[in-house]
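K.L.:
Input my_file_24.txt, format and content: compact mmCIF, C-alpha atoms.
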# COMPACT_ATOMS: atom_id res chain seq x y z
CA MET A 105 -53.18 54.91 -51.29
CA LEU A 106 -50.71 52.31 -50.13
CA PHE A 107 -49.74 49.40 -52.29
CA SER A 108 -48.18 46.27 -50.85
CA ARG A 109 -45.33 44.54 -52.59
CA ARG A 110 -44.76 40.78 -52.46
CA ARG A 111 -41.40 40.03 -51.00
CA LYS A 112 -39.14 38.13 -53.33
CA LEU A 113 -37.30 35.08 -52.09
CA PRO A 114 -33.59 35.63 -51.61
CA ARG A 115 -31.49 33.99 -54.30
CA GLY A 116 -30.07 31.48 -51.79
CA ARG A 117 -33.54 30.31 -50.73
CA LYS A 118 -34.57 29.96 -54.38
CA LEU A 119 -31.60 27.68 -54.95
CA VAL A 120 -32.48 25.56 -51.90
CA CYS A 121 -36.13 25.21 -53.04
CA CYS A 122 -35.10 24.19 -56.55
CA THR A 123 -32.62 21.65 -55.18
CA LEU A 124 -35.27 20.12 -52.90
CA LEU A 125 -37.71 19.89 -55.81
CA VAL A 126 -35.14 18.06 -57.94
CA ILE A 127 -34.44 15.64 -55.06
CA VAL A 128 -38.16 14.91 -54.59
CA ILE A 129 -38.62 14.27 -58.33
CA PHE A 130 -35.57 11.97 -58.35
CA ILE A 131 -36.82 9.96 -55.35
CA PHE A 132 -40.26 9.60 -56.92
CA TYR A 133 -38.70 8.40 -60.18
CA GLN A 134 -36.58 5.83 -58.33
CA ILE A 135 -39.63 4.49 -56.48
CA VAL A 136 -41.64 4.13 -59.68
CA THR A 137 -38.87 2.48 -61.66
CA SER A 138 -38.00 0.10 -58.80
CA PHE A 139 -41.14 -1.94 -59.40
CA ASN A 140 -40.94 -4.86 -61.79
CA ASP A 141 -42.86 -4.58 -65.07
CA GLU A 142 -45.88 -6.50 -63.89
CA ASP A 143 -46.27 -4.41 -60.72
CA VAL A 144 -45.97 -1.15 -62.68
CA GLU A 145 -48.63 -2.34 -65.08
CA PHE A 146 -51.11 -2.66 -62.28
CA ASP A 147 -50.20 0.46 -60.28
CA ARG A 148 -52.16 2.86 -62.47
CA GLN A 149 -55.04 2.80 -64.93
CA TRP A 150 -53.78 1.30 -68.19
CA THR A 151 -55.50 0.71 -71.51
CA CYS A 152 -55.89 -2.81 -72.85
CA GLU A 153 -53.23 -2.01 -75.46
CA GLU A 154 -50.74 -0.88 -72.83
CA LEU A 155 -51.41 -3.99 -70.77
CA LYS A 156 -50.96 -6.12 -73.89
CA ALA A 157 -54.10 -7.89 -72.74
CA LYS A 158 -54.70 -9.82 -75.95
CA ASP A 159 -51.07 -10.93 -76.03
CA ARG A 160 -51.65 -12.47 -72.60
CA LEU A 161 -54.42 -14.64 -74.04
CA VAL A 162 -52.17 -15.73 -76.91
CA LYS A 163 -49.46 -16.66 -74.40
CA LEU A 164 -52.07 -18.42 -72.23
CA CYS A 165 -53.03 -20.74 -75.08
CA LYS A 166 -49.40 -21.24 -76.09
CA ASP A 167 -48.57 -22.29 -72.53
CA PHE A 168 -51.60 -24.62 -72.51
CA THR A 169 -50.47 -26.25 -75.76
CA ASN A 170 -46.98 -26.70 -74.32
CA GLY A 171 -48.37 -28.26 -71.13
CA ASN A 172 -47.30 -25.39 -68.85
CA THR A 173 -50.78 -24.03 -68.05
CA GLY A 174 -53.94 -25.88 -67.09
CA GLY A 175 -57.54 -25.39 -66.11
CA ASN A 176 -61.02 -26.64 -66.97
CA LEU A 177 -61.66 -23.91 -69.60
CA CYS A 178 -58.36 -24.06 -71.48
CA ARG A 179 -59.60 -26.53 -74.06
CA ASP A 180 -62.74 -24.48 -74.70
CA LEU A 181 -60.67 -21.29 -75.06
CA CYS A 182 -57.74 -22.61 -77.06
CA THR A 183 -59.02 -25.65 -78.98
CA SER A 184 -62.78 -26.09 -79.35
CA GLY A 185 -63.69 -22.39 -79.52
CA GLU A 186 -66.64 -22.79 -77.15
CA LEU A 187 -65.25 -19.91 -75.08
CA VAL A 188 -65.32 -16.86 -77.38
CA ILE A 189 -63.50 -13.69 -76.29
CA GLN A 190 -64.96 -10.40 -77.54
CA ASP A 191 -63.97 -7.03 -76.07
CA CYS A 192 -61.30 -6.05 -73.55
CA LEU A 193 -62.60 -4.07 -70.56
CA ALA A 194 -59.55 -3.19 -68.43
CA HIS A 195 -61.73 -1.28 -65.99
CA LYS A 196 -59.46 -1.41 -62.94
CA ASN A 197 -55.77 -0.88 -62.44
CA THR A 198 -55.44 -4.29 -60.76
CA THR A 199 -57.64 -6.27 -63.15
CA ILE A 200 -57.82 -7.23 -66.82
CA VAL A 201 -61.34 -8.10 -67.96
CA PHE A 202 -62.62 -9.43 -71.27
CA SER A 203 -66.26 -9.87 -72.25
CA GLY A 204 -67.26 -13.00 -74.11
CA THR A 205 -69.55 -16.01 -74.30
CA TRP A 206 -69.26 -19.59 -73.11
CA ARG A 207 -71.88 -22.09 -74.26
CA LYS A 208 -74.47 -19.31 -74.80
CA ASN A 209 -73.70 -17.68 -71.44
CA ASP A 210 -72.54 -14.05 -71.43
CA ILE A 211 -69.36 -13.93 -69.36
CA VAL A 212 -66.49 -11.80 -68.19
CA PHE A 213 -63.11 -13.49 -68.39
CA LYS A 214 -60.73 -11.83 -65.96
CA THR A 215 -57.47 -12.01 -64.10
CA LYS A 216 -56.29 -10.07 -61.06
CA ARG A 217 -52.88 -8.93 -59.90
CA ARG A 218 -50.68 -11.80 -58.84
CA PRO A 219 -49.84 -11.85 -55.10
CA HIS A 220 -46.24 -10.85 -54.45
CA HIS A 221 -45.26 -13.98 -52.54
CA VAL A 222 -46.62 -17.26 -53.86
CA GLU A 223 -44.88 -20.46 -52.87
CA ASN A 224 -44.40 -22.81 -55.81
CA LEU A 225 -46.46 -25.96 -55.66
CA GLU A 226 -43.34 -28.10 -56.00
CA ASP A 227 -41.99 -26.55 -52.79
CA VAL A 228 -45.34 -26.89 -51.01
CA LEU A 229 -45.54 -30.58 -51.85
CA SER A 230 -41.80 -31.08 -51.19
CA ILE A 231 -41.17 -32.76 -54.52
CA GLY A 232 -38.88 -32.18 -57.46
CA VAL A 233 -40.59 -31.91 -60.81
CA SER A 234 -38.60 -33.84 -63.38
CA ASP A 235 -39.34 -34.41 -67.06
CA ASP A 236 -41.86 -37.02 -65.93
CA GLU A 237 -44.13 -34.56 -64.17
CA PRO A 238 -46.38 -35.98 -61.45
CA THR A 239 -50.15 -36.02 -62.00
CA ALA A 240 -53.22 -36.85 -59.98
CA GLY A 241 -52.49 -40.43 -60.97
CA ASP A 242 -49.58 -40.29 -58.55
CA GLU A 243 -51.56 -41.06 -55.39
CA GLN A 244 -49.11 -39.56 -52.91
CA VAL A 245 -48.77 -36.32 -54.86
CA TYR A 246 -52.54 -36.05 -55.26
CA LYS A 247 -53.20 -36.64 -51.54
CA LYS A 248 -50.66 -33.96 -50.60
CA PHE A 249 -52.20 -31.57 -53.13
CA VAL A 250 -55.75 -32.06 -51.80
CA PHE A 251 -54.56 -31.56 -48.21
CA HIS A 252 -52.60 -28.39 -48.97
CA VAL A 253 -55.44 -26.88 -51.02
CA PHE A 254 -57.83 -27.42 -48.12
CA ASP A 255 -55.32 -26.08 -45.59
CA HIS A 256 -54.64 -22.98 -47.70
CA VAL A 257 -58.35 -22.24 -48.17
CA GLN A 258 -59.18 -22.33 -44.47
CA ASN A 259 -56.13 -20.24 -43.58
CA GLU A 260 -56.80 -17.72 -46.35
CA LEU A 261 -60.37 -17.20 -45.09
CA SER A 262 -59.55 -17.57 -41.37
CA PHE A 263 -62.42 -20.05 -41.30
CA PHE A 264 -61.62 -23.22 -39.43
CA ARG A 265 -65.04 -24.89 -39.57
CA LEU A 266 -64.61 -25.71 -43.23
CA LYS A 267 -65.19 -29.44 -42.84
CA ASP A 268 -68.37 -28.86 -40.81
CA MET A 269 -69.84 -26.19 -43.09
CA ILE A 270 -68.52 -27.09 -46.56
CA GLY A 271 -67.34 -30.71 -46.54
CA SER A 272 -64.26 -32.90 -46.79
CA GLU A 273 -60.94 -31.97 -48.33
CA GLN A 274 -61.94 -33.73 -51.55
CA GLN A 275 -65.31 -31.92 -51.64
CA VAL A 276 -63.59 -28.54 -51.30
CA LEU A 277 -61.37 -29.39 -54.29
CA GLU A 278 -64.45 -30.42 -56.29
CA LEU A 279 -66.09 -27.08 -55.46
CA LEU A 280 -63.04 -25.18 -56.67
CA TRP A 281 -63.16 -27.16 -59.94
CA HIS A 282 -66.92 -26.52 -60.36
CA PRO A 283 -68.94 -26.56 -62.64
CA HIS A 284 -66.83 -29.18 -64.40
CA PRO A 285 -66.47 -32.78 -63.21
CA LEU A 286 -63.18 -33.41 -61.43
CA GLY A 287 -61.25 -35.94 -63.47
CA GLU A 288 -57.55 -36.79 -63.43
CA LEU A 289 -55.55 -33.59 -63.07
CA THR A 290 -52.31 -32.87 -64.88
CA TRP A 291 -49.44 -31.16 -63.12
CA ALA A 292 -50.32 -28.02 -65.11
CA ASP A 293 -53.92 -28.22 -63.81
CA MET A 294 -52.77 -28.51 -60.21
CA SER A 295 -50.17 -25.74 -60.51
CA SER A 296 -52.63 -23.36 -62.18
CA LEU A 297 -55.32 -24.00 -59.58
CA TRP A 298 -52.79 -23.51 -56.79
CA ARG A 299 -51.78 -20.13 -58.17
CA LEU A 300 -55.40 -19.12 -58.72
CA ILE A 301 -56.50 -19.81 -55.14
CA GLN A 302 -53.91 -17.34 -53.89
CA ARG A 303 -56.66 -14.86 -54.87
CA ASP A 304 -59.35 -15.19 -52.23
CA GLU A 305 -62.11 -13.85 -54.52
CA PHE A 306 -62.04 -17.04 -56.61
CA ILE A 307 -62.21 -19.16 -53.44
CA LYS A 308 -65.23 -17.25 -52.09
CA LEU A 309 -67.07 -17.34 -55.41
CA GLN A 310 -66.71 -21.11 -55.61
CA LEU A 311 -67.45 -21.98 -51.98
CA LEU A 312 -70.53 -19.72 -51.99
CA LYS A 313 -71.81 -20.86 -55.39
CA GLU A 314 -75.19 -22.00 -54.01
CA MET A 315 -76.01 -18.52 -52.74
CA LYS A 316 -78.52 -16.51 -54.78
CA HIS A 317 -76.56 -13.26 -54.62
CA ILE A 318 -73.14 -14.57 -55.69
CA PRO A 319 -72.26 -14.55 -59.43
CA ARG A 320 -71.76 -17.91 -61.11
CA VAL A 321 -68.27 -19.08 -62.02
CA TYR A 322 -67.90 -21.11 -65.23
CA GLY A 323 -64.30 -22.24 -64.81
CA PHE A 324 -60.73 -21.07 -65.34
CA CYS A 325 -57.65 -21.29 -67.51
CA GLY A 326 -54.34 -20.33 -65.94
CA SER A 327 -54.83 -17.11 -64.00
CA PHE A 328 -58.04 -16.17 -65.87
CA TYR A 329 -61.49 -17.22 -64.68
CA ALA A 330 -64.94 -16.82 -66.23
CA VAL A 331 -67.86 -15.30 -64.30
CA GLU A 332 -71.40 -14.50 -65.43
CA LYS A 333 -71.75 -11.03 -66.90
CA VAL A 334 -74.08 -8.56 -65.17
CA GLU A 335 -75.26 -4.96 -65.46
CA THR A 336 -73.94 -2.87 -62.59
CA ILE A 337 -76.39 -0.96 -60.39
CA GLU A 338 -74.24 2.09 -61.08
CA GLY A 339 -76.09 2.42 -64.37
CA PHE A 340 -79.52 2.50 -62.67
CA SER A 341 -79.18 5.97 -61.14
CA PHE A 342 -79.84 9.42 -62.53
CA THR A 343 -76.97 11.55 -63.78
CA PRO A 344 -77.00 14.95 -65.49
CA PHE A 345 -76.62 13.14 -68.82
CA LYS A 346 -79.29 10.44 -68.53
CA ARG A 347 -82.53 9.55 -66.85
CA PRO A 348 -82.69 6.87 -64.15
CA MET A 349 -83.95 3.37 -64.90
CA PRO A 350 -87.74 2.89 -64.68
CA TRP A 351 -89.08 3.02 -61.12
CA LYS A 352 -90.28 -0.59 -61.20
CA LYS A 353 -86.86 -1.89 -62.25
CA ARG A 354 -85.22 0.06 -59.44
CA LEU A 355 -87.78 -1.25 -56.95
CA ASN A 356 -86.94 -4.83 -57.90
CA ALA A 357 -83.22 -4.13 -57.50
CA ALA A 358 -83.74 -2.47 -54.11
CA LEU A 359 -85.83 -5.41 -52.85
CA ASP A 360 -83.15 -7.85 -53.97
CA LEU A 361 -80.47 -5.78 -52.21
CA LEU A 362 -82.48 -6.15 -49.00
CA ASP A 363 -82.57 -9.91 -49.52
CA LEU A 364 -78.82 -9.89 -50.21
CA SER A 365 -78.17 -8.16 -46.88
CA LYS A 366 -80.23 -10.85 -45.15
CA GLU A 367 -78.61 -13.76 -47.01
CA PHE A 368 -75.14 -12.52 -46.08
CA THR A 369 -75.93 -12.85 -42.35
CA GLU A 370 -75.93 -16.64 -42.63
CA THR A 371 -73.77 -18.32 -45.26
CA PRO A 372 -71.64 -21.48 -45.50
CA LEU A 373 -68.74 -19.27 -44.35
CA GLY A 374 -70.71 -17.69 -41.50
CA GLN A 375 -71.78 -14.04 -41.47
CA LEU A 376 -70.21 -12.00 -44.27
CA HIS A 377 -69.31 -8.33 -43.98
CA HIS A 378 -69.04 -6.39 -47.25
CA CYS A 379 -66.57 -3.57 -46.67
CA ASP A 380 -66.79 -1.81 -50.03
CA ILE A 381 -70.49 -1.22 -50.64
CA GLN A 382 -71.01 1.04 -53.64
CA PRO A 383 -73.21 0.86 -56.77
CA GLY A 384 -70.32 -0.30 -58.98
CA ASN A 385 -69.74 -3.35 -56.77
CA PHE A 386 -73.23 -4.81 -57.28
CA GLY A 387 -74.92 -5.92 -60.48
CA VAL A 388 -78.14 -7.35 -61.87
CA ALA A 389 -77.86 -10.67 -63.70
CA LYS A 390 -80.01 -11.81 -66.64
CA ASP A 391 -82.43 -13.56 -64.27
CA LYS A 392 -82.86 -10.26 -62.32
CA ARG A 393 -80.79 -11.40 -59.31
CA VAL A 394 -78.71 -8.72 -57.63
CA VAL A 395 -75.21 -10.11 -57.08
CA ALA A 396 -72.09 -8.86 -55.30
CA LEU A 397 -69.14 -8.12 -57.58
CA ASP A 398 -65.41 -7.95 -56.88
CA ILE A 399 -65.86 -9.58 -53.51
CA ASP A 400 -62.23 -9.19 -52.42
CA SER A 401 -63.60 -6.82 -49.75
CA MET A 402 -66.13 -9.29 -48.36
CA PHE A 403 -64.99 -11.11 -45.21
CA GLY A 404 -66.17 -13.50 -42.55
CA THR A 405 -66.50 -12.22 -38.98
CA LYS A 406 -63.19 -13.56 -37.63
CA GLN A 407 -61.21 -12.34 -40.63
CA MET A 408 -62.87 -8.92 -40.33
CA GLU A 409 -62.13 -8.71 -36.61
CA ASP A 410 -58.46 -9.51 -37.31
CA PHE A 411 -58.29 -6.66 -39.85
CA LEU A 412 -59.94 -4.16 -37.51
CA GLU A 413 -57.72 -4.97 -34.55
CA GLN A 414 -54.92 -2.57 -35.46
CA PRO A 415 -51.81 -2.41 -33.23
CA THR A 416 -52.37 1.19 -32.09
CA CYS A 417 -54.89 4.02 -32.53
CA GLU A 418 -55.55 7.48 -31.18
CA SER A 419 -59.06 8.01 -32.55
CA ASP A 420 -62.00 6.13 -34.06
CA ALA A 421 -60.98 7.39 -37.50
CA GLN A 422 -58.03 4.97 -37.43
CA CYS A 423 -60.28 1.97 -36.75
CA ASP A 424 -61.92 1.23 -40.06
CA PHE A 425 -61.43 -1.00 -43.05
CA PHE A 426 -63.31 0.92 -45.76
CA ASP A 427 -67.00 0.55 -44.77
CA CYS A 428 -66.34 -1.83 -41.88
CA VAL A 429 -65.79 0.22 -38.72
CA SER A 430 -64.89 -0.35 -35.08
CA ALA A 431 -64.01 2.04 -32.23
CA CYS A 432 -60.72 3.07 -30.64
CA ASN A 433 -60.12 2.15 -27.00
CA THR A 434 -58.18 5.30 -26.09
CA THR A 435 -57.14 3.83 -22.75
CA GLU A 436 -55.30 0.96 -24.41
CA ASN A 437 -54.77 2.80 -27.73
CA LYS A 438 -56.09 -0.26 -29.54
CA CYS A 439 -58.99 -0.76 -31.96
CA SER A 440 -61.88 -2.91 -30.81
CA ARG A 441 -62.60 -6.20 -32.56
CA LYS A 442 -66.32 -5.38 -32.42
CA ILE A 443 -67.76 -4.44 -35.83
CA LEU A 444 -70.07 -1.42 -35.51
CA THR A 445 -71.52 -1.23 -39.02
CA ASN A 446 -73.68 -3.77 -40.85
CA ASN A 447 -74.43 -4.50 -44.50
CA LEU A 448 -78.01 -3.18 -44.43
CA GLN A 449 -76.99 0.17 -42.94
CA ILE A 450 -74.27 0.72 -45.56
CA ILE A 451 -76.58 -0.37 -48.41
CA CYS A 452 -79.13 2.23 -47.26
CA ARG A 453 -76.48 4.92 -46.87
CA ASP A 454 -74.39 4.37 -49.99
CA ILE A 455 -76.82 2.84 -52.52
CA LEU A 456 -80.49 3.43 -51.72
CA LEU A 457 -80.39 6.95 -50.28
CA SER A 458 -79.56 10.09 -52.27
CA TYR A 459 -77.28 12.78 -50.93
CA TRP A 460 -75.32 15.68 -52.38
CA GLY A 461 -73.41 14.55 -55.44
CA GLN A 462 -74.62 10.94 -55.13
CA PRO A 463 -77.98 9.97 -56.68
CA GLY A 464 -79.40 6.96 -54.83
CA LEU A 465 -81.16 3.97 -56.35
CA LEU A 466 -84.50 5.16 -54.90
CA GLN A 467 -84.12 8.82 -55.91
CA ARG A 468 -87.01 10.56 -57.67
CA ALA A 469 -89.53 8.19 -56.11
CA PRO A 470 -93.23 9.04 -56.55
CA ILE A 471 -94.29 11.49 -53.82
CA HIS A 472 -96.50 8.98 -51.96
CA ALA A 473 -93.65 6.44 -51.84
CA GLN A 474 -91.13 9.13 -50.91
CA ASN A 475 -93.16 10.17 -47.89
CA LYS A 476 -93.14 6.60 -46.56
CA LEU A 477 -89.55 5.77 -47.52
CA SER A 478 -87.68 8.89 -46.37
CA PRO A 479 -87.93 8.44 -42.58
CA VAL A 480 -87.12 4.71 -42.74
CA LEU A 481 -84.17 5.20 -45.11
CA SER A 482 -82.81 8.05 -42.98
CA ASP A 483 -83.01 5.87 -39.86
CA CYS A 484 -81.39 2.95 -41.73
CA ALA A 485 -78.54 5.05 -43.18
CA SER A 486 -77.70 6.97 -39.99
CA ASP A 487 -74.18 6.56 -38.60
CA LYS A 488 -75.44 7.42 -35.14
CA MET A 489 -76.27 4.82 -32.48
CA LEU A 490 -73.94 2.17 -33.90
CA PRO A 491 -73.90 -0.75 -33.40
CA TRP A 492 -77.63 -1.28 -33.75
CA LYS A 493 -79.51 -2.82 -30.87
CA PRO A 494 -80.59 -6.46 -31.28
CA GLY A 495 -83.64 -6.66 -33.50
CA LYS A 496 -83.14 -3.33 -35.27
CA ILE A 497 -81.80 -4.94 -38.46
CA GLU A 498 -84.87 -7.18 -38.72
CA LYS A 499 -87.21 -4.29 -37.88
CA ILE A 500 -85.82 -1.95 -40.56
CA TYR A 501 -85.57 -4.81 -43.06
CA ARG A 502 -89.27 -5.61 -42.59
CA LYS A 503 -90.33 -1.94 -42.84
CA LEU A 504 -88.41 -1.36 -46.06
CA LYS A 505 -89.52 -4.67 -47.56
CA THR A 506 -93.18 -3.88 -46.85
CA ILE A 507 -93.02 -0.37 -48.35
CA LEU A 508 -91.12 -1.46 -51.45
CA SER A 509 -93.31 -4.56 -51.98
CA GLU A 510 -96.51 -2.53 -51.72
CA GLU A 511 -95.11 0.04 -54.14
CA LEU A 512 -94.15 -2.72 -56.58
CA VAL A 513 -97.67 -4.20 -56.52
CA SER A 514 -99.23 -0.79 -57.16
CA ASN A 515 -97.03 -0.29 -60.20
Represent the structure of the file as C-alpha cells.
P.N.:
Amino acid sequence: MLFSRRRKLPRGRKLVCCTLLVIVIFIFYQIVTSFNDEDVEFDRQWTCEELKAKDRLVKLCKDFTNGNTGGNLCRDLCTSGELVIQDCLAHKNTTIVFSGTWRKNDIVFKTKRRPHHVENLEDVLSIGVSDDEPTAGDEQVYKKFVFHVFDHVQNELSFFRLKDMIGSEQQVLELLWHPHPLGELTWADMSSLWRLIQRDEFIKLQLLKEMKHIPRVYGFCGSFYAVEKVETIEGFSFTPFKRPMPWKKRLNAALDLLDLSKEFTETPLGQLHHCDIQPGNFGVAKDKRVVALDIDSMFGTKQMEDFLEQPTCESDAQCDFFDCVSACNTTENKCSRKILTNNLQIICRDILLSYWGQPGLLQRAPIHAQNKLSPVLSDCASDKMLPWKPGKIEKIYRKLKTILSEELVSN
C-alpha cells in the first residue's frame, strides 16, 4: 500500500508567509486605529455601556442647560421630566436607541451616526456668532435659515417640486418642527435642527407624517429624536424556538403591508422605492398600523435612478442598490436608470413567502388558504419577467387582497 506524504514548505517560503501575515495584520491595525473615536464606535456592534449611551444623555442635558443644544423635546427630557428614558437598545452599529415614554406615548429615542462632512450653520448663513448669539428674532438670520433649510431638504431628497407638493419654505420648517408649534427659535434650536436634517431619515419622517404607514415623530433634542415604538414583524414568524403569531394577527399585518405598498406609489414626495425590505424593517404600531422603520433606504424615483446609474458595469449583478435593481447595458457598460423591481414584489418575496431558512409571514397557513395563496404569492415574488407589465401590480394586489380579506372574515 502506498502512503502519500504532505510536502513541507521550504524554510524560506515559511519565512515569507509569516512576514506577509505580519504586514497584513499591521495594515489592518493601522486602518482601524486611523478612525476617530466616534467613527470606531459605530463601525461594529457595541453594547450600550461601550457606547457610553447614558453618558450621552447626561451631556445632552448639560449642553441644553448651557445653551449649546436645542430642540423641542429638550425641556421635557431635561427639566419637566415628561420624556422618561427607560432602557438602552443599541441594536445597530450605527444607531443608539433608548425606549421610553412621552406624555403616555411609548417611544424610541434614538440618534444615528453623524455625517462626516457637515457645514456649520454659521458658515452656511455667512455670519459670525459672537457672545450675543443671533436668534429667530433677528429677521435676516431667520430668513436665511428658513431658505437654507428648504434648499438643503430638496437637494438631500433630489426632489425639486417641494413647494408644489409640500408647501412654502416656512411650511417645510414647521413640518420639521412638528408636532410642536413653531415659536421663536434660539441659535441652539436652529443649529441642532440644522445638524439633525443632515440625516435624511428625520426629513422623510416629518415630511411624510400624514401617511398611514410612516411612524409618528414626537420631536427632538440635539441629535436625538423620538419616534413611536412598534413591534417588528420579525417577531411574527415561526422559529425553531417559538410558534408564529396567531393566523388572524398575521393576516391583518399582511393586508396592511399590501396597503403600504400601494400608499408608497403616490406620496407627497412622489413614488417611494424601499430598497431594504425585510421583516426587521417593518413594525406594527399600537393601533395595528404596519409602518416602515429605518427608512434611510427609502427613496424617491429620481434619487433612486441617480443611485442606480453607476459609472460602469459588466453585468446586471453590478446594477443594484440592495433590493432596488436595474440592468447593465453591456454595449455602453453603464447601468440603466430604469428600476426593475417594485415594493409589492419584494414584500411578497422577502416577507410574505417562506423559503429555505426564512419563515414567511404567511407560513403555516390553513390548507384551504394555502392552496389559494401559493400560486399568487409565487407569481408575485418571482424575479423573472421584471419589470412587470403595466397593470400587473394592481392585478396581483387585488388578488392577494381578496384572498386575505376572505380568509380574515372566515376567521
K.L.:
Taking all atoms listed in the file into account, which of A:Ile270, A:Leu297, A:Cys423, A:Cys325 comes nearest Leu164 (chain A)?
P.N.:
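Of the candidates, the smallest distance to Leu164 (chain A) is held by A:Cys325.
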K.L.:
For Lys503 (chain A), which residue out of A:Gln462, A:Thr416, A:Ser478, A:Thr198 is the nearest one, using all atoms listed in the file?
P.N.:
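Result for the nearest residue to Lys503 (chain A): A:Ser478.
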K.L.:
Pick from A:Thr434, A:Asn224, A:Ser486, A:Thr199: nearest to Val212 (chain A), with only C-alpha atoms counted?
P.N.:
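For Val212 (chain A), the nearest of the given residues is A:Thr199.
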K.L.:
Quick one, how far is CA of Thr405 (chain A) from CA of Asp483 (chain A)?
P.N.:
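Answer for the CA of Thr405 (chain A) to CA of Asp483 (chain A) separation: 24.5 Å.
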K.L.:
How many Å lie between CA of Arg217 (chain A) and CA of Lys316 (chain A), rounded to one decimal?
P.N.:
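If I compute the distance from CA of Arg217 (chain A) to CA of Lys316 (chain A), I get 27.2 Å.
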